[in-house]
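Notes follow the structure.
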Amino acid sequence: MSVLDETYQVIVVGAGHAGCEAALASARMGLKTIMFTVSMDSVAFMPCNPHIGGSSKGHLVREIDALGGEMAKNIDKTFLQSKMLNVSKGPAVHSLRCQADKLQYSLEMRKVLQHTDNLTLRQAEVSELLIEDHKIFGVKTVSGATYHGDAVVLCTGTYLKARCLYGDVIEYNGPNGLKAANHLSQSLLDNGVELFRFKTGTPARIDGNTIDYSKMTEQFGDANIVPFSFTTDPKSIQKPQVSCYLTYTNEKTHQIIMDHLDESPIYAGVIEGTGPRYCPSLEDKVVKFSDKKRHQLFVEPEGLSTNEMYISGASSSMPEAVQHAFYHTIPGLEHAQIVRNAYAIEYDCINSEQLTHALGFKEIRGLYSGGQFNGSSGYEEAACQGLIAGINAALYVKGEEPLVLNRADGYIGVLIDDLVTKELTEPYRMMTSRSEYRLLLRQDNADLRLTPYGYRVGLIDEERYAFVQKKQKMIDDEIARVKKVFVSGNDHTQDLLRAFDSIGVNSGASLEELIRRPELSYDKLAPLDPNRPNLEEGIREQVDIQIKYEGYIARQKKQVEHFQKIENKRIPASIDYDDVPSLRIEARQKLKKIRPENMGQASRILGVSPADLSVLLVYLDSGKYLHKEEKFES
Amino acid sequence: MFELDTIAAPATPLSPAGIGIIRISGPEAVINTDKIFCGKVTLAEAKTHTIHYGKIMDGDEIVDEVLVSVMRGPHSYTGEDVTEINCHGGVLVMKKVLSLVYSLGIRPAEPGEFTKRAFLNGRLDLSQAASVMEVIEADSEAALKNSMKHLKGSFSHEIKGIRDMILHETAYIEAALDDPEHYELGTYGDKLKEKLQPVISRLQNLSLSYREGSLIHNGIRTAIVGRPNVGKSSLLNFLSRQERAIVSNIPGTTRDTLEESVRLGDLTLHLIDTAGIRRTDDTIEKIGVDRALASIDEADLILFLLDSSRSLSEDDIKLYHQVQDKQVVLLCNKSDLEFHRDIEEFCRSVNCPVVYFSTKTGEGKDELMDVITNLFFHGALAGAEDFYVSSERDKLELESASHSLELVCGSVDAGMTEDFFSIDLMDAYTSLGRILGEAVDEDLVNRIFADFCMGK
């Protein structure tokens, strides 16, 4: 039988949010790339919630954009509603969230993929990795076709040996009835890759025509829409928005769930996979917060071409009949018709400790991976990993240094460091609290932080790079100017301060001092600053934040300095931990397994104590090691 | 951790010896020494392994005449750039120079840190390095058997409790940020402040307890005050004669106060003789008086001397008013002559303890000891192991932790949102962690080197 045999430079397996970013990055960096999907109609498909962004995830989307990824641009084209969250809190936790038109999102992404040079799309299931001597050289599909490639990026999402469960029903398919990928797991195991089994779940979709919205609270979008992408013109996306609705569960709902708890496959022990604590099913919430009489549910539109509504906060794996019963207890859903029922999904993923910070496999050269395959959860988490994995696969083929972001560079750095350093026991979801330096890693300054990296790898063009550099300079200049402005205590000043309920300044005050007052801002004080240049909003915002929170920012920068020093203490790849005397057994095993790249990463490994680190440090710095290796870099 | 910052410490003990050396090591050693050194040459331009005469300046004021050696890495003790300030001995001068050095942003070296740097920079040979590795080996085995070893003691226990509390509060804030539906913040800031305030005062008290330890280890700076011819020299003789006195009279050109250290039981007193405090119109003498008054400012203890055979003068009263805010002990020289009634009345009227002494019989010595112990150590002189805070470094960490917590309270007052609190909460957490050796830190290595080669 004759079989197909083709050659590419980079092969991407999967066309979800990770796969799309990986393939686009690789192709845009000039490498001949092919992307496989089990269904060409499900490219950039959103099988769960119909929104992009949200607390801390919004940061990831902004960072993807700054690096030259696609997610932010795509949601700007297809959003139904936009909202900046947490505006009552500090700028570190402001986060953008957009309701997406799911179908449009998928179609627009497909358009982008199809118009990208160097990129081939193919519908086929990859079944085997071709690896020799710890180096990958291609993949095989179920049809027997061979595709040669220097690097492979695995972004298989929740499809590996997927099965969907509700009640005692088990369906052996991927999300939303899509075909599962059943062969690749074995090939991974054959090549020594350690697999985990994780689970996640999704709530029901309900016919919007059968919902009584008068019993719910309408949730509007922001009056002034802020784009996700730094390159989208805000004026171009101001448009009428679609509402979401807020309703609550009640004791009746909880009673039905408690009465039927033994019918849930999770509580009945049918599900082997570990679910995310931070995205719990309604059953989990009812059990965990048994003192809570109600839980919030957000009813969100799935798109303009469907009347289906997504019931956010009510994922479940109860039997169909129980689902119908409990959804009907919810105000506004009394007569609701369920279009697609809720279910849990179980799938294979890898132990991400096998990866480097570049998202490449430590033991298999040329093999990279991103997304839920790595044990994360969420579209944004997937997309940013896909982007980094794609970039690094391309850099690997080009023979260049990998792109590694650390915890002080961005949320992406935090996410990847957590994935590769800390053993996951549940799907990893990004959260604000995971980032130590979040006052510096704001969503509003992602462009300033990360555009240079995107430029370095070739995903950001000269013009964009120059623009961001100019923006930085204008911010710096304006801050320097503001610091010299003194506001006199005349009537004009007093009137303006009074208008904002701010205490008067008889003998005048520095403008800087006034900006720091919580009730005032850079913009509000414009009338007292006649020589102020005309600056665009993005710049004014930076000036305001950097002056207003200067003390906090300075202290956080100090923390980062300390962090960087430890991070810069590199551990040579050739170190043999068996040669290091006095390491405790647990620490030795962990260090051997994870092989941290520097002392900072070593310090974050669970089971490695400060004492172990000291032993390691002295060993590395001591003369003993010098005899075996080049001098330890500091 | 692991940072190669610039460090300094006395290379000779802080004692009233004839000469004292302060060693500074690190990348900014030379450049920083230049900032306080005034000599014929700039040290930055000096050749390596040379010694230079000059003055240590605090602004316009001369602190001491010194010799400074410059040794550049890698051919120095630590392998880094090193300067050594040879000052006139005497605890006061050395401390003054040290505090100047620290004020430049140079960190106090920990015990053994110079040696550790020497080792890490390859200045110690392999056999020495191997022996250090053995020490580490032994130590971490011991640590295995008793992982709580460095957590022993009530101080550690308390710090750990405070640290846990800080972590708990931070975790709550973070949980509320990520899951606002299930964690209420509401008036959290005020509640947090209420919880933090007692912790702040406790941390401040703990850092003050360092003073007690320091007074025991380094002695009490004691100024003898009294108008001329009131019997100061006989008091000096009385104190020095009774006990082994370590005397070092350095009539240095830059100072005109005499320093002596005497032992009084378990106490060490650094005596500052402030000769000649009285009203004067003589300009030159006035300068001397001003200096004496300044040294009173620096003193921990004032021994206020009265001659009980003479009537109380206006000078006495005036002088007493000048020092009464400090820790004062009134000393009445009990002579064979008759007690003056003025004196008796005055002694009854003052708030400070009064001790009558006789230089002839030695009477009053024990009482003076008790009185001082009472004043500084709340009645009892604790054993060294009971000192909560015995290292300068722990004290600085305590101060830094309480400062960070104060910043949190400040944020609450300024109406900042909760997400700002965690920045300073985590700083406090890290500072306290460094005391316990639980922050990822070089602590264990430091401790080993402290054991390995103390005081170098």
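Letters A, B, ... go to the chains of the structure tokens in the order shown; residues in each chain start at 1; ligands are counted from 1 in the same order.
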
Which residues, written as a list of chain:residue names, have at least one atom at most 10 Å from Arg604 in chain A, with only C-alpha atoms counted and residues fewer than 6 positions away on the same chain left out?
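My list of contacting residues is A:Asp417, A:Asp418, A:Thr421, A:Lys422, A:Pro596, B:Val440.
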
Excluding Leu439 in chain A and its own-chain neighbours fewer than 2 positions away, which residues fall within 8 Å of it when counting only C-alpha atoms? Please give them as a list of chain:residue names.
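Once the adjacent positions are removed, what remains is A:Pro91, A:Ala92, A:Tyr437, A:Leu441, A:Arg442, A:Tyr552, A:Ile553, A:Gln556.
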
Would you write out those residues with all heavy atoms, as a short mmCIF file (atom, residue, chain, number, x, y, z; two decimals), in the first residue's frame?
data_model
loop_
_atom_site.label_atom_id
_atom_site.label_comp_id
_atom_site.auth_asym_id
_atom_site.auth_seq_id
_atom_site.Cartn_x
_atom_site.Cartn_y
_atom_site.Cartn_z
N PRO A 91 -4.50 48.69 40.54
CA PRO A 91 -4.29 48.40 39.12
C PRO A 91 -3.70 47.01 38.88
O PRO A 91 -3.84 46.48 37.79
CB PRO A 91 -3.30 49.49 38.69
CG PRO A 91 -2.64 49.93 39.94
CD PRO A 91 -3.65 49.77 41.03
N ALA A 92 -3.07 46.43 39.90
CA ALA A 92 -2.46 45.11 39.71
C ALA A 92 -3.50 44.05 39.41
O ALA A 92 -3.22 43.08 38.72
CB ALA A 92 -1.66 44.71 40.95
N TYR A 437 4.89 39.20 41.98
CA TYR A 437 5.29 40.58 41.67
C TYR A 437 4.22 41.27 40.84
O TYR A 437 4.50 41.97 39.88
CB TYR A 437 6.64 40.59 40.95
CG TYR A 437 7.62 39.68 41.63
CD1 TYR A 437 8.14 38.56 40.99
CD2 TYR A 437 7.99 39.91 42.97
CE1 TYR A 437 9.02 37.71 41.65
CE2 TYR A 437 8.85 39.06 43.62
CZ TYR A 437 9.37 37.97 42.97
OH TYR A 437 10.22 37.12 43.62
N LEU A 441 3.65 43.40 37.23
CA LEU A 441 3.19 42.62 36.08
C LEU A 441 1.72 42.92 35.79
O LEU A 441 0.88 42.04 35.81
CB LEU A 441 3.36 41.13 36.35
CG LEU A 441 4.75 40.68 36.81
CD1 LEU A 441 4.79 39.17 36.94
CD2 LEU A 441 5.81 41.14 35.81
N ARG A 442 1.42 44.18 35.53
CA ARG A 442 0.04 44.56 35.32
C ARG A 442 -0.38 44.29 33.88
O ARG A 442 0.46 44.22 32.99
CB ARG A 442 -0.15 46.03 35.67
CG ARG A 442 0.25 46.37 37.10
CD ARG A 442 -0.04 47.83 37.42
NE ARG A 442 0.49 48.73 36.41
CZ ARG A 442 1.73 49.20 36.40
NH1 ARG A 442 2.57 48.86 37.37
NH2 ARG A 442 2.14 50.02 35.46
N TYR A 552 5.10 51.61 46.56
CA TYR A 552 4.84 50.18 46.46
C TYR A 552 5.63 49.56 45.32
O TYR A 552 6.20 48.48 45.45
CB TYR A 552 3.34 49.92 46.23
CG TYR A 552 2.47 50.36 47.39
CD1 TYR A 552 1.89 51.62 47.40
CD2 TYR A 552 2.24 49.51 48.45
CE1 TYR A 552 1.09 52.02 48.46
CE2 TYR A 552 1.44 49.90 49.52
CZ TYR A 552 0.86 51.16 49.52
OH TYR A 552 0.09 51.55 50.56
N ILE A 553 5.64 50.28 44.21
CA ILE A 553 6.36 49.77 43.04
C ILE A 553 7.85 49.62 43.37
O ILE A 553 8.47 48.61 43.06
CB ILE A 553 6.15 50.69 41.82
CG1 ILE A 553 4.70 50.55 41.33
CG2 ILE A 553 7.12 50.35 40.69
CD1 ILE A 553 4.30 51.51 40.22
N GLN A 556 8.35 46.61 45.52
CA GLN A 556 8.21 45.38 44.74
C GLN A 556 9.44 45.18 43.84
O GLN A 556 9.90 44.06 43.66
CB GLN A 556 6.94 45.44 43.91
CG GLN A 556 6.63 44.12 43.24
CD GLN A 556 5.35 43.49 43.72
OE1 GLN A 556 4.28 43.87 43.31
NE2 GLN A 556 5.46 42.51 44.59
#

What is the distance, in Å and to one decimal place, between CA of Lys95 in chain B and CA of Asp300 in chain B?
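These two atoms are separated by 14.2 Å.
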
Taking 4 positions as the minimum chain separation for residues in the same chain, which residues sit within 8 Å of Val457 in chain A when counting only C-alpha atoms? Answer as a list in words.
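Everything that qualifies: Met29, Ile391, Leu395, Leu403 and Tyr453 of chain A.
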
Quick one: residues within 7 Å of Ile571 in chain A, only C-alpha atoms, excluding same-chain residues fewer than 6 positions away - as a ChimeraX atom specification?
/A:597-599

Go ahead and save the picked residues with C-alpha atoms, as a PDB file, in the first residue's frame.
ATOM      1  CA  GLU A 597      18.164  25.282  35.819  1.00  0.00           C
ATOM      2  CA  ASN A 598      19.090  27.666  38.631  1.00  0.00           C
ATOM      3  CA  MET A 599      19.078  28.039  42.406  1.00  0.00           C
TER       4      MET A 599
END

Interatomic distance between CA of Gln324 in chain B and CA of Tyr356 in chain B?
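These atoms are spaced 18.6 Å apart.
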